[in-house]
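K.L.:
If it helps, the file is called coords-v3.cif and holds mmCIF, C-alpha atoms:
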```
data_query
#
loop_
_atom_site.group_PDB
_atom_site.id
_atom_site.type_symbol
_atom_site.label_atom_id
_atom_site.label_comp_id
_atom_site.auth_asym_id
_atom_site.auth_seq_id
_atom_site.Cartn_x
_atom_site.Cartn_y
_atom_site.Cartn_z
ATOM 1 C CA GLY L 1 2.402 -4.655 -17.232
ATOM 2 C CA ASN L 2 3.575 -2.137 -14.671
ATOM 3 C CA SER L 3 5.983 -3.313 -11.994
ATOM 4 C CA VAL L 4 8.303 -2.054 -9.260
ATOM 5 C CA THR L 5 11.558 -3.649 -8.175
ATOM 6 C CA GLN L 6 13.242 -2.668 -4.941
ATOM 7 C CA MET L 7 16.457 -3.808 -3.372
ATOM 8 C CA GLU L 8 16.148 -6.855 -1.208
ATOM 9 C CA GLY L 9 16.460 -6.426 2.511
ATOM 10 C CA PRO L 10 16.901 -6.511 5.312
ATOM 11 C CA VAL L 11 19.186 -3.515 5.615
ATOM 12 C CA THR L 12 20.963 -2.904 8.908
ATOM 13 C CA LEU L 13 22.752 0.376 9.576
ATOM 14 C CA SER L 14 24.258 2.220 12.490
ATOM 15 C CA GLU L 15 22.765 5.513 13.596
ATOM 16 C CA GLU L 16 23.916 8.482 11.459
ATOM 17 C CA ALA L 17 24.842 6.261 8.526
ATOM 18 C CA PHE L 18 23.826 7.124 4.954
ATOM 19 C CA LEU L 19 20.861 5.237 3.558
ATOM 20 C CA THR L 20 20.048 4.291 -0.020
ATOM 21 C CA ILE L 21 17.219 1.967 -0.957
ATOM 22 C CA ASN L 22 17.107 1.336 -4.682
ATOM 23 C CA CYS L 23 13.848 1.298 -6.618
ATOM 24 C CA THR L 24 13.335 0.856 -10.347
ATOM 25 C CA TYR L 25 10.101 0.620 -12.243
ATOM 26 C CA THR L 26 8.593 -0.572 -15.482
ATOM 27 C CA ALA L 27 5.671 1.430 -16.844
ATOM 28 C CA THR L 28 4.563 3.210 -19.969
ATOM 29 C CA GLY L 29 4.424 6.969 -20.021
ATOM 30 C CA TYR L 30 4.950 8.961 -16.860
ATOM 31 C CA PRO L 31 3.674 7.191 -13.759
ATOM 32 C CA SER L 32 3.465 8.893 -10.382
ATOM 33 C CA LEU L 33 6.007 7.469 -7.929
ATOM 34 C CA PHE L 34 5.744 7.038 -4.175
ATOM 35 C CA TRP L 35 7.604 5.836 -1.139
ATOM 36 C CA TYR L 36 5.496 4.455 1.692
ATOM 37 C CA VAL L 37 6.778 3.509 5.155
ATOM 38 C CA GLN L 38 5.334 1.014 7.589
ATOM 39 C CA TYR L 39 6.366 1.316 11.218
ATOM 40 C CA PRO L 40 5.832 -1.743 13.444
ATOM 41 C CA GLY L 41 2.143 -2.345 14.147
ATOM 42 C CA GLU L 42 0.971 0.488 11.911
ATOM 43 C CA GLY L 43 -0.404 0.946 8.405
ATOM 44 C CA LEU L 44 1.412 2.133 5.324
ATOM 45 C CA GLN L 45 2.107 5.881 5.472
ATOM 46 C CA LEU L 46 3.011 8.038 2.512
ATOM 47 C CA LEU L 47 6.577 9.232 2.982
ATOM 48 C CA LEU L 48 7.100 11.172 -0.240
ATOM 49 C CA LYS L 49 6.013 11.327 -3.849
ATOM 50 C CA ALA L 50 6.937 12.669 -7.280
ATOM 51 C CA THR L 51 4.603 13.029 -10.200
ATOM 52 C CA LYS L 52 6.864 14.002 -13.109
ATOM 53 C CA ALA L 53 10.379 13.470 -14.373
ATOM 54 C CA ASP L 54 13.161 15.214 -12.410
ATOM 55 C CA ASP L 55 10.814 15.996 -9.506
ATOM 56 C CA LYS L 56 12.371 15.473 -6.106
ATOM 57 C CA GLY L 57 10.146 14.326 -3.291
ATOM 58 C CA SER L 58 11.309 14.978 0.261
ATOM 59 C CA ASN L 59 10.049 14.507 3.795
ATOM 60 C CA LYS L 60 11.594 13.950 7.239
ATOM 61 C CA GLY L 61 15.104 14.103 5.784
ATOM 62 C CA PHE L 62 14.340 11.473 3.130
ATOM 63 C CA GLU L 63 14.641 12.317 -0.562
ATOM 64 C CA ALA L 64 13.986 10.587 -3.866
ATOM 65 C CA THR L 65 14.350 11.933 -7.413
ATOM 66 C CA TYR L 66 12.218 10.755 -10.332
ATOM 67 C CA ARG L 67 14.702 9.668 -13.007
ATOM 68 C CA LYS L 68 12.956 8.893 -16.250
ATOM 69 C CA GLU L 69 16.159 7.996 -18.106
ATOM 70 C CA THR L 70 17.015 5.246 -15.622
ATOM 71 C CA THR L 71 13.390 4.511 -14.582
ATOM 72 C CA SER L 72 14.455 4.868 -10.968
ATOM 73 C CA PHE L 73 13.236 6.479 -7.742
ATOM 74 C CA HIS L 74 15.904 5.658 -5.164
ATOM 75 C CA LEU L 75 15.269 6.625 -1.538
ATOM 76 C CA GLU L 76 18.088 8.367 0.334
ATOM 77 C CA LYS L 77 18.714 9.834 3.764
ATOM 78 C CA GLY L 78 21.945 11.387 4.861
ATOM 79 C CA SER L 79 21.852 10.381 8.516
ATOM 80 C CA VAL L 80 19.452 7.712 9.747
ATOM 81 C CA GLN L 81 18.066 7.481 13.256
ATOM 82 C CA VAL L 82 16.879 4.530 15.307
ATOM 83 C CA SER L 83 13.330 5.823 14.815
ATOM 84 C CA ASP L 84 13.662 5.286 11.042
ATOM 85 C CA SER L 85 13.569 1.526 11.572
ATOM 86 C CA ALA L 86 10.624 0.360 9.472
ATOM 87 C CA VAL L 87 9.677 -1.317 6.199
ATOM 88 C CA TYR L 88 9.901 0.947 3.132
ATOM 89 C CA PHE L 89 7.779 0.364 0.030
ATOM 90 C CA CYS L 90 8.290 1.894 -3.385
ATOM 91 C CA ALA L 91 5.116 2.209 -5.470
ATOM 92 C CA LEU L 92 3.764 3.657 -8.691
ATOM 93 C CA ARG L 93 0.413 4.763 -10.015
ATOM 94 C CA SER L 94 0.235 4.575 -13.761
ATOM 95 C CA GLN L 95 -0.541 7.518 -15.990
ATOM 96 C CA GLY L 96 -4.046 7.517 -17.377
ATOM 97 C CA GLY L 97 -6.487 7.390 -14.530
ATOM 98 C CA SER L 98 -6.013 3.994 -12.909
ATOM 99 C CA GLU L 99 -6.344 4.358 -9.172
ATOM 100 C CA LYS L 100 -4.379 1.336 -8.113
ATOM 101 C CA LEU L 101 -0.934 1.496 -6.596
ATOM 102 C CA VAL L 102 1.628 -1.055 -7.768
ATOM 103 C CA PHE L 103 4.092 -1.858 -4.988
ATOM 104 C CA GLY L 104 7.536 -3.274 -4.649
ATOM 105 C CA LYS L 105 8.217 -6.030 -2.117
ATOM 106 C CA GLY L 106 9.338 -3.697 0.636
ATOM 107 C CA THR L 107 12.720 -3.289 2.292
ATOM 108 C CA LYS L 108 13.095 -3.713 6.025
ATOM 109 C CA LEU L 109 15.478 -1.211 7.590
ATOM 110 C CA THR L 110 16.914 -1.646 11.068
ATOM 111 C CA VAL L 111 18.964 1.173 12.564
ATOM 112 C CA ASN L 112 21.095 0.318 15.582
ATOM 113 C CA PRO L 113 22.217 2.885 18.165
ATOM 114 C CA GLU A 1 -5.042 13.022 13.208
ATOM 115 C CA PRO A 2 -7.708 11.021 11.376
ATOM 116 C CA GLU A 3 -6.742 7.462 10.510
ATOM 117 C CA VAL A 4 -8.076 4.360 8.824
ATOM 118 C CA THR A 5 -8.901 1.574 11.257
ATOM 119 C CA GLN A 6 -9.334 -2.136 10.594
ATOM 120 C CA THR A 7 -10.807 -4.995 12.588
ATOM 121 C CA PRO A 8 -9.914 -7.598 13.575
ATOM 122 C CA SER A 9 -6.154 -7.329 13.647
ATOM 123 C CA HIS A 10 -5.871 -11.091 13.218
ATOM 124 C CA GLN A 11 -8.491 -13.543 11.924
ATOM 125 C CA VAL A 12 -8.076 -17.297 11.913
ATOM 126 C CA THR A 13 -10.567 -19.363 9.932
ATOM 127 C CA GLN A 14 -11.052 -22.816 8.491
ATOM 128 C CA MET A 15 -10.837 -23.403 4.753
ATOM 129 C CA GLY A 16 -14.243 -23.005 3.139
ATOM 130 C CA GLN A 17 -15.566 -20.591 5.744
ATOM 131 C CA GLU A 18 -16.738 -17.071 5.010
ATOM 132 C CA VAL A 19 -14.874 -14.135 6.502
ATOM 133 C CA ILE A 20 -15.657 -10.440 6.643
ATOM 134 C CA LEU A 21 -12.875 -7.973 7.139
ATOM 135 C CA ARG A 22 -13.910 -4.560 8.352
ATOM 136 C CA CYS A 23 -12.517 -1.125 7.772
ATOM 137 C CA VAL A 24 -13.487 2.353 8.893
ATOM 138 C CA PRO A 25 -12.084 4.845 6.361
ATOM 139 C CA ILE A 26 -11.336 8.471 7.166
ATOM 140 C CA SER A 27 -14.668 10.206 7.510
ATOM 141 C CA ASN A 28 -14.615 12.665 4.598
ATOM 142 C CA HIS A 29 -12.997 10.256 2.153
ATOM 143 C CA LEU A 30 -15.036 8.867 -0.716
ATOM 144 C CA TYR A 31 -12.613 6.484 -2.452
ATOM 145 C CA PHE A 32 -11.903 3.143 -0.795
ATOM 146 C CA TYR A 33 -9.472 0.358 -1.583
ATOM 147 C CA TRP A 34 -8.426 -3.114 -0.534
ATOM 148 C CA TYR A 35 -4.921 -4.482 -0.994
ATOM 149 C CA ARG A 36 -3.314 -7.667 0.249
ATOM 150 C CA GLN A 37 0.192 -8.896 0.944
ATOM 151 C CA ILE A 38 0.942 -12.605 1.001
ATOM 152 C CA LEU A 39 3.902 -13.290 3.278
ATOM 153 C CA GLY A 40 7.143 -12.511 1.505
ATOM 154 C CA GLN A 41 5.421 -11.114 -1.576
ATOM 155 C CA LYS A 42 4.398 -7.725 -2.876
ATOM 156 C CA VAL A 43 1.448 -5.652 -1.738
ATOM 157 C CA GLU A 44 -1.201 -6.295 -4.420
ATOM 158 C CA PHE A 45 -4.221 -4.225 -5.375
ATOM 159 C CA LEU A 46 -7.564 -5.978 -5.071
ATOM 160 C CA VAL A 47 -10.323 -3.440 -5.645
ATOM 161 C CA SER A 48 -11.321 0.200 -5.534
ATOM 162 C CA PHE A 49 -14.775 1.498 -4.675
ATOM 163 C CA TYR A 50 -16.468 4.814 -5.256
ATOM 164 C CA ASN A 51 -20.041 6.032 -5.183
ATOM 165 C CA ASN A 52 -21.294 2.661 -3.964
ATOM 166 C CA GLU A 53 -19.798 0.655 -6.762
ATOM 167 C CA ILE A 54 -16.572 -1.003 -7.768
ATOM 168 C CA SER A 55 -14.521 1.321 -9.941
ATOM 169 C CA GLU A 56 -11.592 -1.000 -10.625
ATOM 170 C CA LYS A 57 -10.627 -4.549 -9.681
ATOM 171 C CA SER A 58 -7.725 -6.873 -10.243
ATOM 172 C CA GLU A 59 -7.670 -10.415 -11.569
ATOM 173 C CA ILE A 60 -7.358 -11.624 -7.973
ATOM 174 C CA PHE A 61 -10.760 -10.168 -7.118
ATOM 175 C CA ASP A 62 -12.904 -13.007 -8.424
ATOM 176 C CA ASP A 63 -16.441 -14.083 -7.551
ATOM 177 C CA GLN A 64 -15.322 -15.247 -4.121
ATOM 178 C CA PHE A 65 -14.686 -11.644 -3.114
ATOM 179 C CA SER A 66 -17.145 -8.850 -2.558
ATOM 180 C CA VAL A 67 -17.068 -5.391 -1.031
ATOM 181 C CA GLU A 68 -19.749 -3.363 0.610
ATOM 182 C CA ARG A 69 -20.298 -0.067 2.321
ATOM 183 C CA PRO A 70 -23.175 -1.098 4.568
ATOM 184 C CA ASP A 71 -23.495 2.239 6.337
ATOM 185 C CA GLY A 72 -21.889 5.653 6.373
ATOM 186 C CA SER A 73 -18.731 4.578 8.108
ATOM 187 C CA ASN A 74 -17.779 0.957 7.400
ATOM 188 C CA PHE A 75 -16.240 -0.619 4.317
ATOM 189 C CA THR A 76 -16.061 -4.411 4.266
ATOM 190 C CA LEU A 77 -14.336 -7.126 2.287
ATOM 191 C CA LYS A 78 -16.048 -10.508 2.244
ATOM 192 C CA ILE A 79 -14.445 -13.737 1.153
ATOM 193 C CA ARG A 80 -17.205 -16.296 0.640
ATOM 194 C CA SER A 81 -15.298 -19.564 0.817
ATOM 195 C CA THR A 82 -11.746 -19.102 1.974
ATOM 196 C CA LYS A 83 -8.848 -21.025 0.494
ATOM 197 C CA LEU A 84 -5.427 -21.679 1.978
ATOM 198 C CA GLU A 85 -3.924 -19.236 -0.533
ATOM 199 C CA ASP A 86 -6.111 -16.423 0.815
ATOM 200 C CA SER A 87 -3.864 -16.282 3.877
ATOM 201 C CA ALA A 88 -2.354 -12.806 3.770
ATOM 202 C CA MET A 89 -2.304 -9.371 5.341
ATOM 203 C CA TYR A 90 -5.228 -7.337 4.031
ATOM 204 C CA PHE A 91 -4.931 -3.553 3.950
ATOM 205 C CA CYS A 92 -7.769 -1.104 3.579
ATOM 206 C CA ALA A 93 -7.110 2.402 2.259
ATOM 207 C CA SER A 94 -9.099 5.526 1.549
ATOM 208 C CA SER A 95 -8.525 8.814 -0.215
ATOM 209 C CA ASP A 96 -9.983 12.291 -0.341
ATOM 210 C CA PRO A 97 -11.909 13.136 -3.503
ATOM 211 C CA ALA A 98 -9.883 16.309 -3.859
ATOM 212 C CA ASP A 99 -6.581 14.470 -3.440
ATOM 213 C CA ARG A 100 -7.277 10.919 -4.539
ATOM 214 C CA ILE A 101 -4.594 10.741 -7.119
ATOM 215 C CA ASP A 102 -1.786 11.522 -4.747
ATOM 216 C CA THR A 103 -2.447 10.049 -1.360
ATOM 217 C CA GLN A 104 -4.074 6.844 -0.231
ATOM 218 C CA TYR A 105 -4.251 6.488 3.546
ATOM 219 C CA PHE A 106 -3.779 2.934 4.763
ATOM 220 C CA GLY A 107 -5.003 1.078 7.814
ATOM 221 C CA PRO A 108 -2.779 -1.203 9.921
ATOM 222 C CA GLY A 109 -4.031 -4.353 8.228
ATOM 223 C CA THR A 110 -5.834 -7.560 9.154
ATOM 224 C CA ARG A 111 -3.790 -10.730 9.147
ATOM 225 C CA LEU A 112 -5.948 -13.543 7.776
ATOM 226 C CA THR A 113 -4.842 -17.105 8.451
ATOM 227 C CA VAL A 114 -6.732 -19.890 6.676
ATOM 228 C CA LEU A 115 -6.189 -23.365 8.116
#
```
Kindly transcribe the structure held in the file into structure tokens.

P.N.:
Amino acid sequence: GNSVTQMEGPVTLSEEAFLTINCTYTATGYPSLFWYVQYPGEGLQLLLKATKADDKGSNKGFEATYRKETTSFHLEKGSVQVSDSAVYFCALRSQGGSEKLVFGKGTKLTVNP
Amino acid sequence: EPEVTQTPSHQVTQMGQEVILRCVPISNHLYFYWYRQILGQKVEFLVSFYNNEISEKSEIFDDQFSVERPDGSNFTLKIRSTKLEDSAMYFCASSDPADRIDTQYFGPGTRLTVL
């Protein structure tokens, strides 16, 4: 079945450091791919998405590129801020009409001043 | 900005008791979902609901679970006889019929603890 694997956390960085959170997936066809973020005490918020191969999703300085050849959707940010501290979830929605999102385990990011 | 709300934020119950988790989706949304996350594990899909019926459910969503939209604003998840393994964070989500494929809006979750 479909699955998502993300790098284990927690990840701790200093402000202005470069961030990469790895995400790979297993699915047939061309799933839609998402990154969600959960700030403390809040719900999951959509951060960015990509719906076809080679698409790049971007938002708030974060980027991720849909790589079909490596079945990956790694999240990157060039310069993190303290306010980026949160849990990040990679997810997919399979091609073909299923509504459900399949999530990775989440990666907790802490950014220190 | 409209948001999904959930109550209570934390529910403690005894094994075998019934619980109802409540959600208020975004007002113009018509697709509703429940997910759960057992501590340390992945967020898992439970069920989706549209037009007053279940449109998709997972293997987890057995006869002990039910969902209802009792009025125009609430969406509930009922667990009839809770088990220890039902302890988890439960997330409600909703989506716009014009945008349902792309964006599900999540609530902050209800932490259910079964003793």

K.L.:
Quick one: contact table of chain A to chain L, 12 Å max, nearest atom pair and distance in Å to one decimal per residue, counting all atoms listed in the file, chain and number order, as CSV?

P.N.:
```
residue,atom,partner,partner_atom,distance
A:Glu3,CA,L:Gly43,CA,9.3
A:Val4,CA,L:Gly43,CA,8.4
A:Thr5,CA,L:Gly43,CA,9.0
A:Gln6,CA,L:Gly43,CA,9.7
A:Ser9,CA,L:Gly41,CA,9.7
A:His10,CA,L:Gly41,CA,11.9
A:Tyr31,CA,L:Glu99,CA,9.4
A:Phe32,CA,L:Glu99,CA,10.1
A:Tyr33,CA,L:Lys100,CA,8.3
A:Trp34,CA,L:Lys100,CA,9.7
A:Tyr35,CA,L:Leu101,CA,9.1
A:Arg36,CA,L:Phe103,CA,10.8
A:Gln37,CA,L:Lys105,CA,9.1
A:Ile38,CA,L:Lys105,CA,10.3
A:Leu39,CA,L:Lys105,CA,10.0
A:Gly40,CA,L:Lys105,CA,7.5
A:Gln41,CA,L:Lys105,CA,5.8
A:Lys42,CA,L:Lys105,CA,4.2
A:Val43,CA,L:Phe103,CA,5.7
A:Glu44,CA,L:Val102,CA,6.8
A:Phe45,CA,L:Lys100,CA,6.2
A:Leu46,CA,L:Lys100,CA,8.5
A:Val47,CA,L:Lys100,CA,8.0
A:Ser48,CA,L:Glu99,CA,7.4
A:Phe49,CA,L:Glu99,CA,10.0
A:Tyr50,CA,L:Glu99,CA,10.9
A:Ile54,CA,L:Glu99,CA,11.6
A:Ser55,CA,L:Glu99,CA,8.8
A:Glu56,CA,L:Glu99,CA,7.6
A:Lys57,CA,L:Lys100,CA,8.7
A:Ser58,CA,L:Lys100,CA,9.1
A:Met89,CA,L:Gly43,CA,10.9
A:Tyr90,CA,L:Gly43,CA,10.5
A:Phe91,CA,L:Gly43,CA,7.8
A:Cys92,CA,L:Gly43,CA,9.0
A:Ala93,CA,L:Leu44,CA,9.1
A:Ser94,CA,L:Glu99,CA,11.1
A:Ser95,CA,L:Glu99,CA,10.2
A:Pro97,CA,L:Glu99,CA,11.8
A:Asp99,CA,L:Glu99,CA,11.6
A:Arg100,CA,L:Glu99,CA,8.1
A:Ile101,CA,L:Glu99,CA,6.9
A:Asp102,CA,L:Lys49,CA,7.9
A:Thr103,CA,L:Leu46,CA,7.0
A:Gln104,CA,L:Leu46,CA,7.7
A:Tyr105,CA,L:Gln45,CA,6.7
A:Phe106,CA,L:Leu44,CA,5.3
A:Gly107,CA,L:Gly43,CA,4.6
A:Pro108,CA,L:Gly43,CA,3.5
A:Gly109,CA,L:Gly43,CA,6.4
A:Thr110,CA,L:Gly43,CA,10.1
A:Arg111,CA,L:Gly41,CA,11.4
```

K.L.:
Show which residues sit within 10 Å of Ser85 in chain L, as a PyMOL selection string. Count all atoms listed in the file, and ignore same-chain residues fewer than 5 positions away.

P.N.:
chain L and resi 11-13+37-40+80+108-112

K.L.:
What would the file look like if the residues just selected were written as a compact mmCIF listing (two decimals), in the frame of the given file with C-alpha atoms?

P.N.:
```txt
# COMPACT_ATOMS: atom_id res chain seq x y z
CA VAL L 11 19.19 -3.52 5.62
CA THR L 12 20.96 -2.90 8.91
CA LEU L 13 22.75 0.38 9.58
CA VAL L 37 6.78 3.51 5.16
CA GLN L 38 5.33 1.01 7.59
CA TYR L 39 6.37 1.32 11.22
CA PRO L 40 5.83 -1.74 13.44
CA VAL L 80 19.45 7.71 9.75
CA LYS L 108 13.10 -3.71 6.02
CA LEU L 109 15.48 -1.21 7.59
CA THR L 110 16.91 -1.65 11.07
CA VAL L 111 18.96 1.17 12.56
CA ASN L 112 21.10 0.32 15.58
```

K.L.:
May I have the residues within 7 Å of Val12 in chain A as a tab-separated table (two decimals) with C-alpha atoms, in the frame of the given file, using only C-alpha atoms and disregarding those fewer than 4 positions away in the same chain?

P.N.:
```tsv
chain	number	residue	atom	x	y	z
A	112	LEU	CA	-5.95	-13.54	7.78
A	113	THR	CA	-4.84	-17.10	8.45
A	114	VAL	CA	-6.73	-19.89	6.68
```

K.L.:
With the PyMOL selection byres ((chain A and resi 83) around 9) as the selection, what would be picked from this file? Answer as a ChimeraX atom specification, please.

P.N.:
/A:14-17,81-82,84-87,114-115

K.L.:
Counting all atoms listed in the file, select every polymer residue within 8 Å of (19.3, 9.8, 0.2) as defined in the file's coordinates, and provide the selection as a PyMOL selection string.

P.N.:
chain L and resi 18-20+62-64+74-78

K.L.:
Using Å and a single decimal, report how far CA of Phe61 in chain A sits from CA of Val24 in chain A.

P.N.:
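Separation of CA of Val24 in chain A and CA of Phe61 in chain A: 20.5 Å.
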
K.L.:
Give me, please, the distance in Å between CA of Gly9 in chain L and CA of Asn22 in chain L, quoted to one decimal.

P.N.:
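Those two atoms sit 10.6 Å apart.
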
K.L.:
One decimal, in Å: what's the spacing between CA of Glu18 in chain A and CA of Thr76 in chain A?

P.N.:
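According to the coordinates, CA of Glu18 in chain A and CA of Thr76 in chain A are separated by 12.7 Å.
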
K.L.:
Under the rule that only C-alpha atoms are counted, which of L:Thr28, L:Thr65, L:Ser3, L:Ser72 is the nearest residue to Gly96 in chain L?

P.N.:
L:Thr28

K.L.:
Once the PyMOL selection byres ((chain A and resi 27) around 9) has been applied to the shown file, what residues remain in the selection, as a PyMOL selection string?

P.N.:
chain A and resi 2-4+24-26+28-30+72-73

K.L.:
Just to be explicit: take each residue in the selection above, keep C-alpha atoms, and write the result as a short mmCIF file (atom, residue, chain, number, x, y, z; two decimals), keeping the file's coordinate frame.

P.N.:
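The resulting out.cif:
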```cif
data_model
loop_
_atom_site.label_atom_id
_atom_site.label_comp_id
_atom_site.auth_asym_id
_atom_site.auth_seq_id
_atom_site.Cartn_x
_atom_site.Cartn_y
_atom_site.Cartn_z
CA PRO A 2 -7.71 11.02 11.38
CA GLU A 3 -6.74 7.46 10.51
CA VAL A 4 -8.08 4.36 8.82
CA VAL A 24 -13.49 2.35 8.89
CA PRO A 25 -12.08 4.84 6.36
CA ILE A 26 -11.34 8.47 7.17
CA ASN A 28 -14.62 12.66 4.60
CA HIS A 29 -13.00 10.26 2.15
CA LEU A 30 -15.04 8.87 -0.72
CA GLY A 72 -21.89 5.65 6.37
CA SER A 73 -18.73 4.58 8.11
#
```

K.L.:
Please list, as a PyMOL selection string, the residues that have an atom at most 9 Å away from (8.1, 5.5, -15.7) in the coordinates of this file, counting only C-alpha atoms.

P.N.:
chain L and resi 2+24-33+52-53+66-72+92+94-95

K.L.:
Just say which residues the PyMOL selection byres ((chain A and resi 78) around 9) picks in this file, as a ChimeraX atom specification.

P.N.:
/A:18-22,64-68,76-77,79-80
